$ cat my_file-v5.csv   # CSV, C-alpha atoms
chain,number,residue,atom,x,y,z
A,11,MET,CA,7.8,-56.4,-20.2
A,12,HIS,CA,10.3,-55.6,-17.5
A,13,PRO,CA,9.7,-52.9,-14.9
A,14,PRO,CA,11.9,-49.8,-15.4
A,15,PRO,CA,14.7,-50.0,-12.9
A,16,PRO,CA,14.5,-47.8,-9.8
A,17,PRO,CA,16.8,-44.8,-9.9
A,18,GLU,CA,20.4,-45.5,-9.4
A,19,SER,CA,21.2,-45.8,-5.7
A,20,SER,CA,24.1,-46.9,-3.5
A,21,HIS,CA,21.5,-48.3,-1.1
A,22,ARG,CA,20.2,-51.8,-0.8
A,23,VAL,CA,16.5,-51.7,0.1
A,24,THR,CA,14.1,-54.5,1.2
A,25,LEU,CA,10.6,-54.3,2.4
A,26,PHE,CA,10.4,-55.3,6.0
A,27,PHE,CA,6.6,-55.2,6.5
A,28,GLY,CA,3.5,-53.4,5.6
A,29,PRO,CA,1.3,-51.8,4.8
A,30,GLU,CA,-0.4,-51.3,8.1
A,31,PRO,CA,-2.5,-48.4,9.5
A,32,VAL,CA,-0.4,-45.8,11.3
A,33,GLU,CA,-1.3,-45.8,15.0
A,34,GLY,CA,-3.8,-42.9,15.8
A,35,GLN,CA,-4.2,-42.1,12.1
A,36,SER,CA,-6.8,-44.3,10.4
A,37,ASP,CA,-6.4,-42.5,7.1
A,38,THR,CA,-2.6,-43.3,6.8
A,39,GLN,CA,-0.8,-46.5,5.8
A,40,ALA,CA,2.9,-47.2,6.4
A,41,CYS,CA,5.4,-49.6,5.0
A,42,VAL,CA,8.7,-50.2,6.8
A,43,PHE,CA,11.9,-50.8,4.7
A,44,ASN,CA,15.3,-52.0,5.7
A,45,VAL,CA,17.9,-49.7,4.1
A,46,LYS,CA,21.6,-50.4,3.9
A,47,LYS,CA,24.3,-48.4,2.3
A,48,ARG,CA,27.7,-49.9,1.5
A,49,SER,CA,29.6,-47.4,3.6
A,50,TRP,CA,27.4,-48.0,6.7
A,51,LYS,CA,28.2,-50.7,9.3
A,52,GLY,CA,24.6,-51.6,9.7
A,53,GLY,CA,21.2,-50.9,8.1
A,54,ILE,CA,18.4,-48.7,9.3
A,55,GLN,CA,14.6,-48.9,9.2
A,56,VAL,CA,12.6,-46.3,7.4
A,57,SER,CA,8.8,-46.1,7.9
A,58,VAL,CA,7.2,-44.6,4.8
A,59,GLU,CA,3.7,-43.2,5.3
A,60,VAL,CA,1.1,-42.4,2.6
A,61,SER,CA,-2.4,-41.1,3.2
A,62,THR,CA,-5.2,-43.3,1.9
A,63,ASP,CA,-6.6,-40.2,0.0
A,64,GLN,CA,-3.3,-39.8,-1.8
A,65,LEU,CA,-3.2,-43.6,-2.6
A,66,SER,CA,-6.8,-43.4,-4.0
A,67,ALA,CA,-6.0,-40.4,-6.1
A,68,ILE,CA,-2.8,-42.0,-7.5
A,69,ARG,CA,-4.7,-45.2,-8.2
A,70,HIS,CA,-7.3,-43.3,-10.2
A,71,THR,CA,-4.7,-41.1,-12.0
A,72,ILE,CA,-2.7,-44.1,-13.3
A,73,GLN,CA,-5.9,-46.1,-14.0
A,74,LEU,CA,-4.6,-49.1,-12.0
A,75,SER,CA,-7.8,-51.2,-12.4
A,76,ASN,CA,-7.7,-50.9,-16.1
A,77,ARG,CA,-4.1,-51.8,-16.3
A,78,LEU,CA,-4.6,-55.0,-14.3
A,79,THR,CA,-7.8,-56.1,-16.0
A,80,GLN,CA,-6.1,-58.0,-18.8
A,81,ALA,CA,-3.8,-59.9,-16.4
A,82,PHE,CA,-6.8,-60.9,-14.3
A,83,THR,CA,-8.8,-62.2,-17.2
A,84,THR,CA,-6.4,-65.1,-17.5
A,85,LEU,CA,-7.2,-66.3,-14.0
A,86,ASP,CA,-9.7,-69.0,-13.0
A,87,PRO,CA,-12.8,-67.1,-11.8
A,88,GLU,CA,-12.6,-68.8,-8.5
A,89,GLU,CA,-9.0,-67.6,-7.9
A,90,ARG,CA,-9.5,-64.1,-9.1
A,91,PRO,CA,-10.9,-62.6,-5.8
A,92,GLY,CA,-7.8,-63.8,-3.9
A,93,TYR,CA,-5.5,-62.0,-6.4
A,94,GLU,CA,-7.7,-58.9,-6.4
A,95,GLY,CA,-7.7,-58.9,-2.6
A,96,ARG,CA,-3.9,-58.4,-2.6
A,97,VAL,CA,-3.7,-55.6,-5.0
A,98,GLY,CA,-4.4,-52.8,-2.4
A,99,ASP,CA,-1.5,-53.9,-0.2
A,100,LEU,CA,0.9,-54.4,-3.2
A,101,PHE,CA,-0.1,-51.0,-4.6
A,102,THR,CA,0.7,-49.3,-1.3
A,103,GLN,CA,4.0,-51.1,-1.1
A,104,ALA,CA,5.0,-50.0,-4.7
A,105,VAL,CA,3.9,-46.4,-4.0
A,106,SER,CA,5.8,-46.4,-0.7
A,107,TRP,CA,8.9,-47.7,-2.4
A,108,CYS,CA,8.6,-44.8,-4.9
A,109,LYS,CA,8.4,-42.3,-2.0
A,110,LEU,CA,11.4,-43.9,-0.3
A,111,ASP,CA,13.4,-43.6,-3.6
A,112,LEU,CA,12.6,-39.9,-3.6
A,113,ARG,CA,14.1,-39.6,-0.1
A,114,LEU,CA,17.1,-41.7,-1.1
A,115,GLN,CA,17.8,-39.3,-4.0
A,116,SER,CA,18.0,-36.3,-1.6
A,117,GLY,CA,20.1,-38.2,1.0
A,118,LEU,CA,19.4,-40.3,4.0
A,119,THR,CA,21.2,-40.2,7.4
A,120,GLN,CA,22.1,-43.5,9.1
A,121,GLU,CA,19.4,-43.5,11.7
A,122,ASN,CA,15.9,-45.1,11.9
A,123,GLN,CA,13.4,-42.6,10.6
A,124,ARG,CA,9.9,-41.9,9.4
A,125,ILE,CA,8.8,-40.2,6.2
A,126,LEU,CA,5.5,-38.6,7.1
A,127,ALA,CA,2.4,-38.8,4.9
A,128,SER,CA,2.6,-35.0,4.6
A,129,GLU,CA,6.1,-35.1,3.1
A,130,LEU,CA,6.9,-35.2,-0.6
A,131,VAL,CA,3.2,-35.3,-1.6
A,132,SER,CA,3.4,-33.6,-5.0
A,133,ASP,CA,6.8,-35.2,-5.7
A,134,LEU,CA,5.3,-38.6,-5.1
A,135,ASP,CA,2.3,-37.9,-7.3
A,136,GLN,CA,4.7,-37.0,-10.2
A,137,ALA,CA,7.0,-39.9,-9.4
A,138,VAL,CA,4.3,-42.6,-9.5
A,139,ILE,CA,2.9,-41.2,-12.8
A,140,THR,CA,6.3,-41.4,-14.3
A,141,ARG,CA,6.9,-44.8,-12.8
A,142,ALA,CA,3.4,-46.2,-13.4
A,143,GLU,CA,4.8,-49.2,-15.4
A,144,TYR,CA,7.0,-50.0,-12.5
A,145,VAL,CA,4.1,-49.9,-10.1
A,146,VAL,CA,2.0,-52.3,-12.3
A,147,ALA,CA,4.9,-54.6,-12.9
A,148,TYR,CA,5.7,-54.7,-9.2
A,149,ILE,CA,2.1,-55.8,-8.5
A,150,LEU,CA,2.0,-58.4,-11.3
A,151,THR,CA,5.4,-59.8,-10.3
A,152,GLU,CA,4.3,-60.2,-6.6
A,153,LEU,CA,1.2,-61.9,-7.8
A,154,ASP,CA,3.3,-64.2,-10.1
A,155,LEU,CA,1.3,-62.8,-13.1
A,156,SER,CA,4.0,-60.8,-14.8
A,157,PRO,CA,4.2,-61.5,-18.6
A,158,ASP,CA,7.7,-62.9,-18.4
A,159,ARG,CA,6.9,-65.3,-15.5
A,160,PRO,CA,4.2,-68.0,-15.8
A,161,SER,CA,1.3,-67.9,-13.4
A,162,PRO,CA,1.1,-70.6,-10.8
A,163,SER,CA,-1.8,-72.2,-12.5
A,164,SER,CA,0.1,-72.6,-15.8
A,165,PHE,CA,2.4,-75.4,-14.5
$ encode --input "my_file-v5.csv" --output "structure tokens"
Amino acid sequence: MHPPPPPESSHRVTLFFGPEPVEGQSDTQACVFNVKKRSWKGGIQVSVEVSTDQLSAIRHTIQLSNRLTQAFTTLDPEERPGYEGRVGDLFTQAVSWCKLDLRLQSGLTQENQRILASELVSDLDQAVITRAEYVVAYILTELDLSPDRPSPSSF
């Protein structure tokens, strides 16, 4: 199973770092992405914020735990907690990436910027539901557990 491709974009996007708590807002996580468009001389950094409440609601809506259960059953019981411990960060990265894609679709100026947690809330909810397979595939790929890639313990 391959994740559905992100929406067509003339931007090249890479995760720079995150998630981390937003300073002064303990209920908000942020991921920072480097974004480069072919016509730009240089790239920019975009901080994408998502509230922990919204992350929890989305996680429940797409039934993330159920979707990951089968992949985790193949793991050695001693290794499983390490993998499970990374899911939260990887989920936040995938959701943040979906939010950034929404902003890219509506246009982005060539300046460092911040997408606040209060922006695109309902659009993000819908986008992640639509792209739930992408979110799961992103997590499994980052954990080297995607169906088309062998796990590290299978070598």
$ closest_residue --input "my_file-v5.csv" --among "A:Ala147, A:Arg77, A:Ser61, A:Gly95" --to "Leu130 (chain A)" --atoms "only C-alpha atoms"
A:Ser61
$ residues_around --input "my_file-v5.csv" --residues "region 109-122 of chain A" --least-positions-apart "2" --cutoff "10 Å" --atoms "all atoms listed in the file" --output "PyMOL selection string"
chain A and resi 16-21+23+41-47+50-60+103-107+124-125+127+129-131+133-135+137-138
$ atom_distance --input "my_file-v5.csv" --atom1 "CA of Ala81 (chain A)" --atom2 "CA of Glu152 (chain A)"
12.7 Å
$ atom_distance --input "my_file-v5.csv" --atom1 "CA of Ile72 (chain A)" --atom2 "CA of Leu100 (chain A)"
14.9 Å
$ atom_distance --input "my_file-v5.csv" --atom1 "CA of Glu89 (chain A)" --atom2 "CA of Ala40 (chain A)"
27.6 Å
